[in-house]
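Trainee: Here's a structure for you.
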Amino acid sequence: GDASGSIKDSLGRYSHQTASPSPRPHGNGTAESLPLPVLIAKLSARLSSPCSGQWVYRLENGNPAMAVLRFTGSKQEKTYRPLHTLDGGLTWQQGDPPGKLPLYNLDAIAARPGCPVIVVEGEKCADALQAIGFLATTSAHGATASSSTDWKPVLGRKCVIFPDNDKAGAGYARAVQQHLDGAAIVALPVDGDGEDIADLIEKWHGELLLDSEQKALVQELVDSGLKQDKPWLCGVELSRCLAKAALDRAGTFVPATFVSTGYLGLDRALCGG
């Protein structure tokens, strides 16, 4: 959410966007401190682009610590700017806060200590899961920056990882798995390159599935991850059924013992298609 608690849009896979800058260094005390709306207006004027999305990362007590802003230009090019606050959100500066970055939805994680945590790549995915009742988090600055985040608040918690369906997503999932001492990576039943759990939930919305039905499907994915004894890409029942159907439609022979990886291209290769 933004500083007032609302979220207007989603960040998506900004680490895959060529327009995304590297995270700026954290403030050194000389940066200009301004109220958030004033700083957004100044950045928008400087970039000649309106702010099209904002996501606030909060501390365990609910106070804001940092934010990521998205600015969209006239040709739909996207630019991202991190901000941080050292006074609980009264004023903001450009750049990351000092030290390790907080997890997204850290306040919700602290408020639900017994609830499993789903780790995803990007605020868009976390927001989509939160909207149907799950506890979800992500690290800031995309698929290659997970080491910049403090993962200690979820160490020892029941966690599963939902990767994006591409090479960067798989790399991010493996990196997070190392931070979390082997949390399970659950392959999603998606086919398109780069698709993620938010895309899957959007598809279910389009198919007019009730929130309760969507929640039941996601819960099946979560349960499969929590039960598996080999923490890697697991072929869950839902993924197996949908991926097998996709392979059948593509004319690929599917062995009776086939277990989906959740990635159609890899499934085809494994089946010799």
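Letters for chains follow the order of the structure tokens (A, B, ...), residue numbers begin at 1 for each chain, and ligand numbers begin at 1 in the order shown.
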As a PDB file with N, CA, C and O atoms, in the first residue's frame, please: all residues of segment 4-187 of chain A that backbone DSSP puts in alpha helix (DSSP H).

Mentor:
ATOM      1  N   LEU A  36       5.699  12.728   1.210  1.00  0.00           N
ATOM      2  CA  LEU A  36       5.617  11.820   0.077  1.00  0.00           C
ATOM      3  C   LEU A  36       4.931  12.438  -1.151  1.00  0.00           C
ATOM      4  O   LEU A  36       5.475  12.343  -2.263  1.00  0.00           O
ATOM      5  N   PRO A  37       3.764  13.087  -1.018  1.00  0.00           N
ATOM      6  CA  PRO A  37       3.130  13.661  -2.223  1.00  0.00           C
ATOM      7  C   PRO A  37       4.006  14.709  -2.905  1.00  0.00           C
ATOM      8  O   PRO A  37       4.018  14.801  -4.140  1.00  0.00           O
ATOM      9  N   VAL A  38       4.752  15.484  -2.112  1.00  0.00           N
ATOM     10  CA  VAL A  38       5.614  16.514  -2.700  1.00  0.00           C
ATOM     11  C   VAL A  38       6.772  15.873  -3.451  1.00  0.00           C
ATOM     12  O   VAL A  38       7.118  16.281  -4.570  1.00  0.00           O
ATOM     13  N   LEU A  39       7.369  14.838  -2.860  1.00  0.00           N
ATOM     14  CA  LEU A  39       8.484  14.162  -3.508  1.00  0.00           C
ATOM     15  C   LEU A  39       8.026  13.462  -4.780  1.00  0.00           C
ATOM     16  O   LEU A  39       8.729  13.485  -5.807  1.00  0.00           O
ATOM     17  N   ILE A  40       6.851  12.844  -4.746  1.00  0.00           N
ATOM     18  CA  ILE A  40       6.308  12.195  -5.944  1.00  0.00           C
ATOM     19  C   ILE A  40       6.111  13.226  -7.053  1.00  0.00           C
ATOM     20  O   ILE A  40       6.463  12.987  -8.217  1.00  0.00           O
ATOM     21  N   ALA A  41       5.561  14.379  -6.708  1.00  0.00           N
ATOM     22  CA  ALA A  41       5.326  15.428  -7.704  1.00  0.00           C
ATOM     23  C   ALA A  41       6.640  15.909  -8.313  1.00  0.00           C
ATOM     24  O   ALA A  41       6.733  16.131  -9.531  1.00  0.00           O
ATOM     25  N   LYS A  42       7.674  16.063  -7.485  1.00  0.00           N
ATOM     26  CA  LYS A  42       8.967  16.520  -7.987  1.00  0.00           C
ATOM     27  C   LYS A  42       9.593  15.478  -8.913  1.00  0.00           C
ATOM     28  O   LYS A  42      10.142  15.821  -9.979  1.00  0.00           O
ATOM     29  N   LEU A  43       9.521  14.223  -8.530  1.00  0.00           N
ATOM     30  CA  LEU A  43      10.069  13.167  -9.371  1.00  0.00           C
ATOM     31  C   LEU A  43       9.297  13.051 -10.683  1.00  0.00           C
ATOM     32  O   LEU A  43       9.891  12.856 -11.753  1.00  0.00           O
ATOM     33  N   SER A  44       7.990  13.185 -10.596  1.00  0.00           N
ATOM     34  CA  SER A  44       7.159  13.110 -11.797  1.00  0.00           C
ATOM     35  C   SER A  44       7.524  14.228 -12.778  1.00  0.00           C
ATOM     36  O   SER A  44       7.637  14.001 -13.986  1.00  0.00           O
ATOM     37  N   ALA A  45       7.739  15.430 -12.246  1.00  0.00           N
ATOM     38  CA  ALA A  45       8.121  16.548 -13.101  1.00  0.00           C
ATOM     39  C   ALA A  45       9.508  16.335 -13.698  1.00  0.00           C
ATOM     40  O   ALA A  45       9.742  16.610 -14.887  1.00  0.00           O
ATOM     41  N   ARG A  46      10.416  15.820 -12.896  1.00  0.00           N
ATOM     42  CA  ARG A  46      11.786  15.601 -13.371  1.00  0.00           C
ATOM     43  C   ARG A  46      11.835  14.535 -14.457  1.00  0.00           C
ATOM     44  O   ARG A  46      12.615  14.640 -15.413  1.00  0.00           O
ATOM     45  N   LEU A  47      10.994  13.503 -14.316  1.00  0.00           N
ATOM     46  CA  LEU A  47      10.985  12.403 -15.276  1.00  0.00           C
ATOM     47  C   LEU A  47      10.003  12.627 -16.416  1.00  0.00           C
ATOM     48  O   LEU A  47       9.960  11.832 -17.361  1.00  0.00           O
ATOM     49  N   LEU A 106       5.769  -7.041   5.850  1.00  0.00           N
ATOM     50  CA  LEU A 106       6.401  -7.501   7.083  1.00  0.00           C
ATOM     51  C   LEU A 106       5.478  -7.335   8.286  1.00  0.00           C
ATOM     52  O   LEU A 106       5.482  -8.163   9.200  1.00  0.00           O
ATOM     53  N   ASP A 107       4.661  -6.291   8.293  1.00  0.00           N
ATOM     54  CA  ASP A 107       3.728  -6.088   9.402  1.00  0.00           C
ATOM     55  C   ASP A 107       2.682  -7.193   9.462  1.00  0.00           C
ATOM     56  O   ASP A 107       2.326  -7.678  10.538  1.00  0.00           O
ATOM     57  N   ALA A 108       2.210  -7.644   8.286  1.00  0.00           N
ATOM     58  CA  ALA A 108       1.242  -8.744   8.247  1.00  0.00           C
ATOM     59  C   ALA A 108       1.888 -10.049   8.668  1.00  0.00           C
ATOM     60  O   ALA A 108       1.269 -10.873   9.350  1.00  0.00           O
ATOM     61  N   ILE A 109       3.143 -10.252   8.295  1.00  0.00           N
ATOM     62  CA  ILE A 109       3.873 -11.457   8.694  1.00  0.00           C
ATOM     63  C   ILE A 109       3.992 -11.516  10.214  1.00  0.00           C
ATOM     64  O   ILE A 109       3.783 -12.557  10.836  1.00  0.00           O
ATOM     65  N   ALA A 110       4.317 -10.377  10.827  1.00  0.00           N
ATOM     66  CA  ALA A 110       4.460 -10.329  12.279  1.00  0.00           C
ATOM     67  C   ALA A 110       3.122 -10.542  12.985  1.00  0.00           C
ATOM     68  O   ALA A 110       3.066 -11.128  14.069  1.00  0.00           O
ATOM     69  N   ALA A 111       2.045 -10.088  12.358  1.00  0.00           N
ATOM     70  CA  ALA A 111       0.720 -10.184  12.980  1.00  0.00           C
ATOM     71  C   ALA A 111       0.116 -11.580  12.889  1.00  0.00           C
ATOM     72  O   ALA A 111      -0.831 -11.887  13.612  1.00  0.00           O
ATOM     73  N   GLU A 123       5.679  -7.356  -6.018  1.00  0.00           N
ATOM     74  CA  GLU A 123       4.550  -6.926  -5.192  1.00  0.00           C
ATOM     75  C   GLU A 123       3.205  -7.273  -5.812  1.00  0.00           C
ATOM     76  O   GLU A 123       2.237  -7.533  -5.109  1.00  0.00           O
ATOM     77  N   LYS A 124       3.148  -7.279  -7.147  1.00  0.00           N
ATOM     78  CA  LYS A 124       1.899  -7.634  -7.822  1.00  0.00           C
ATOM     79  C   LYS A 124       1.411  -9.002  -7.372  1.00  0.00           C
ATOM     80  O   LYS A 124       0.224  -9.184  -7.052  1.00  0.00           O
ATOM     81  N   CYS A 125       2.303  -9.964  -7.332  1.00  0.00           N
ATOM     82  CA  CYS A 125       1.930 -11.327  -6.945  1.00  0.00           C
ATOM     83  C   CYS A 125       1.553 -11.395  -5.466  1.00  0.00           C
ATOM     84  O   CYS A 125       0.583 -12.059  -5.093  1.00  0.00           O
ATOM     85  N   ALA A 126       2.325 -10.705  -4.638  1.00  0.00           N
ATOM     86  CA  ALA A 126       2.010 -10.696  -3.206  1.00  0.00           C
ATOM     87  C   ALA A 126       0.637 -10.076  -2.966  1.00  0.00           C
ATOM     88  O   ALA A 126      -0.167 -10.593  -2.178  1.00  0.00           O
ATOM     89  N   ASP A 127       0.341  -8.985  -3.647  1.00  0.00           N
ATOM     90  CA  ASP A 127      -0.954  -8.325  -3.478  1.00  0.00           C
ATOM     91  C   ASP A 127      -2.104  -9.220  -3.934  1.00  0.00           C
ATOM     92  O   ASP A 127      -3.169  -9.257  -3.307  1.00  0.00           O
ATOM     93  N   ALA A 128      -1.896  -9.947  -5.043  1.00  0.00           N
ATOM     94  CA  ALA A 128      -2.946 -10.825  -5.553  1.00  0.00           C
ATOM     95  C   ALA A 128      -3.268 -11.936  -4.560  1.00  0.00           C
ATOM     96  O   ALA A 128      -4.439 -12.297  -4.372  1.00  0.00           O
ATOM     97  N   LEU A 129      -2.241 -12.473  -3.914  1.00  0.00           N
ATOM     98  CA  LEU A 129      -2.461 -13.521  -2.917  1.00  0.00           C
ATOM     99  C   LEU A 129      -3.079 -12.967  -1.641  1.00  0.00           C
ATOM    100  O   LEU A 129      -3.974 -13.589  -1.051  1.00  0.00           O
ATOM    101  N   GLN A 130      -2.612 -11.805  -1.214  1.00  0.00           N
ATOM    102  CA  GLN A 130      -3.183 -11.178  -0.018  1.00  0.00           C
ATOM    103  C   GLN A 130      -4.678 -10.903  -0.216  1.00  0.00           C
ATOM    104  O   GLN A 130      -5.468 -11.015   0.717  1.00  0.00           O
ATOM    105  N   ALA A 131      -5.058 -10.553  -1.445  1.00  0.00           N
ATOM    106  CA  ALA A 131      -6.449 -10.186  -1.728  1.00  0.00           C
ATOM    107  C   ALA A 131      -7.413 -11.346  -1.530  1.00  0.00           C
ATOM    108  O   ALA A 131      -8.613 -11.128  -1.297  1.00  0.00           O
ATOM    109  N   LYS A 167      13.291 -18.132 -16.741  1.00  0.00           N
ATOM    110  CA  LYS A 167      14.620 -18.393 -16.199  1.00  0.00           C
ATOM    111  C   LYS A 167      14.913 -17.503 -14.999  1.00  0.00           C
ATOM    112  O   LYS A 167      15.456 -17.958 -13.983  1.00  0.00           O
ATOM    113  N   ALA A 168      14.562 -16.221 -15.106  1.00  0.00           N
ATOM    114  CA  ALA A 168      14.794 -15.301 -13.988  1.00  0.00           C
ATOM    115  C   ALA A 168      13.990 -15.715 -12.765  1.00  0.00           C
ATOM    116  O   ALA A 168      14.472 -15.647 -11.629  1.00  0.00           O
ATOM    117  N   GLY A 169      12.752 -16.166 -12.990  1.00  0.00           N
ATOM    118  CA  GLY A 169      11.920 -16.611 -11.882  1.00  0.00           C
ATOM    119  C   GLY A 169      12.488 -17.827 -11.182  1.00  0.00           C
ATOM    120  O   GLY A 169      12.465 -17.925  -9.948  1.00  0.00           O
ATOM    121  N   ALA A 170      13.018 -18.770 -11.976  1.00  0.00           N
ATOM    122  CA  ALA A 170      13.629 -19.956 -11.381  1.00  0.00           C
ATOM    123  C   ALA A 170      14.879 -19.583 -10.585  1.00  0.00           C
ATOM    124  O   ALA A 170      15.125 -20.120  -9.502  1.00  0.00           O
ATOM    125  N   GLY A 171      15.662 -18.632 -11.118  1.00  0.00           N
ATOM    126  CA  GLY A 171      16.850 -18.187 -10.404  1.00  0.00           C
ATOM    127  C   GLY A 171      16.518 -17.506  -9.096  1.00  0.00           C
ATOM    128  O   GLY A 171      17.184 -17.721  -8.075  1.00  0.00           O
ATOM    129  N   TYR A 172      15.474 -16.681  -9.126  1.00  0.00           N
ATOM    130  CA  TYR A 172      15.041 -16.008  -7.905  1.00  0.00           C
ATOM    131  C   TYR A 172      14.575 -17.036  -6.871  1.00  0.00           C
ATOM    132  O   TYR A 172      14.924 -16.945  -5.686  1.00  0.00           O
ATOM    133  N   ALA A 173      13.798 -18.013  -7.318  1.00  0.00           N
ATOM    134  CA  ALA A 173      13.293 -19.034  -6.394  1.00  0.00           C
ATOM    135  C   ALA A 173      14.437 -19.797  -5.746  1.00  0.00           C
ATOM    136  O   ALA A 173      14.414 -20.077  -4.540  1.00  0.00           O
ATOM    137  N   ARG A 174      15.452 -20.147  -6.525  1.00  0.00           N
ATOM    138  CA  ARG A 174      16.587 -20.869  -5.954  1.00  0.00           C
ATOM    139  C   ARG A 174      17.350 -20.013  -4.940  1.00  0.00           C
ATOM    140  O   ARG A 174      17.797 -20.511  -3.896  1.00  0.00           O
ATOM    141  N   ALA A 175      17.488 -18.723  -5.252  1.00  0.00           N
ATOM    142  CA  ALA A 175      18.181 -17.830  -4.320  1.00  0.00           C
ATOM    143  C   ALA A 175      17.410 -17.705  -3.011  1.00  0.00           C
ATOM    144  O   ALA A 175      17.987 -17.769  -1.918  1.00  0.00           O
ATOM    145  N   VAL A 176      16.097 -17.544  -3.103  1.00  0.00           N
ATOM    146  CA  VAL A 176      15.269 -17.432  -1.902  1.00  0.00           C
ATOM    147  C   VAL A 176      15.328 -18.727  -1.106  1.00  0.00           C
ATOM    148  O   VAL A 176      15.381 -18.710   0.130  1.00  0.00           O
ATOM    149  N   GLN A 177      15.322 -19.836  -1.812  1.00  0.00           N
ATOM    150  CA  GLN A 177      15.392 -21.130  -1.139  1.00  0.00           C
ATOM    151  C   GLN A 177      16.640 -21.230  -0.268  1.00  0.00           C
ATOM    152  O   GLN A 177      16.599 -21.764   0.848  1.00  0.00           O
ATOM    153  N   GLN A 178      17.742 -20.685  -0.749  1.00  0.00           N
ATOM    154  CA  GLN A 178      18.973 -20.702   0.041  1.00  0.00           C
ATOM    155  C   GLN A 178      18.855 -19.800   1.261  1.00  0.00           C
ATOM    156  O   GLN A 178      19.340 -20.142   2.347  1.00  0.00           O
ATOM    157  N   HIS A 179      18.200 -18.654   1.103  1.00  0.00           N
ATOM    158  CA  HIS A 179      17.999 -17.758   2.244  1.00  0.00           C
ATOM    159  C   HIS A 179      17.131 -18.415   3.312  1.00  0.00           C
ATOM    160  O   HIS A 179      17.294 -18.132   4.510  1.00  0.00           O
TER     161      HIS A 179
END

Trainee: What does the structure give for the distance between atom CA of Gln94 of chain A and atom CA of Lys78 of chain A, in Å to one decimal?

Mentor: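 These atoms are spaced 17.3 Å apart.
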
Trainee: Could you tell me how far atom CA of Leu135 of chain A sits from atom CA of Pro116 of chain A, in Å to one decimal place?

Mentor: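 Answer for the atom CA of Pro116 of chain A to atom CA of Leu135 of chain A separation: 6.9 Å.
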
Trainee: Please identify every residue of segment 197-232 of chain A that has at least one atom no farther than 12 Å from an atom of segment 136-139 of chain A, counting only C-alpha atoms, and for each give the shortest atom pair and the distance in Å to one decimal, arranged by chain then increasing number, as CSV.

Mentor:
residue,atom,partner,partner_atom,distance
A:Ile197,CA,A:Ala136,CA,11.2
A:Ala198,CA,A:Ala136,CA,11.8
A:Val218,CA,A:Ala136,CA,11.8
A:Val222,CA,A:Ala136,CA,11.3

Trainee: Quick one: everything within 9 Å of Pro102 of chain A, counting only C-alpha atoms, minus sequence neighbours fewer than 2 positions away in the same chain. Send it as a list in words.

Mentor: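 Near neighbours after the sequence-gap exclusion: Tyr57, Arg58, Leu59, Ala65, Met66, Lys100, Tyr104, Asn105, Leu106, Ser139, Ala140, Thr149, Asp150 and Trp151 of chain A.
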
Trainee: What gap, in Å, lies between atom CA of His205 of chain A and atom CA of Thr72 of chain A?

Mentor: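 Rounded to one decimal, the two atoms are 26.1 Å apart.
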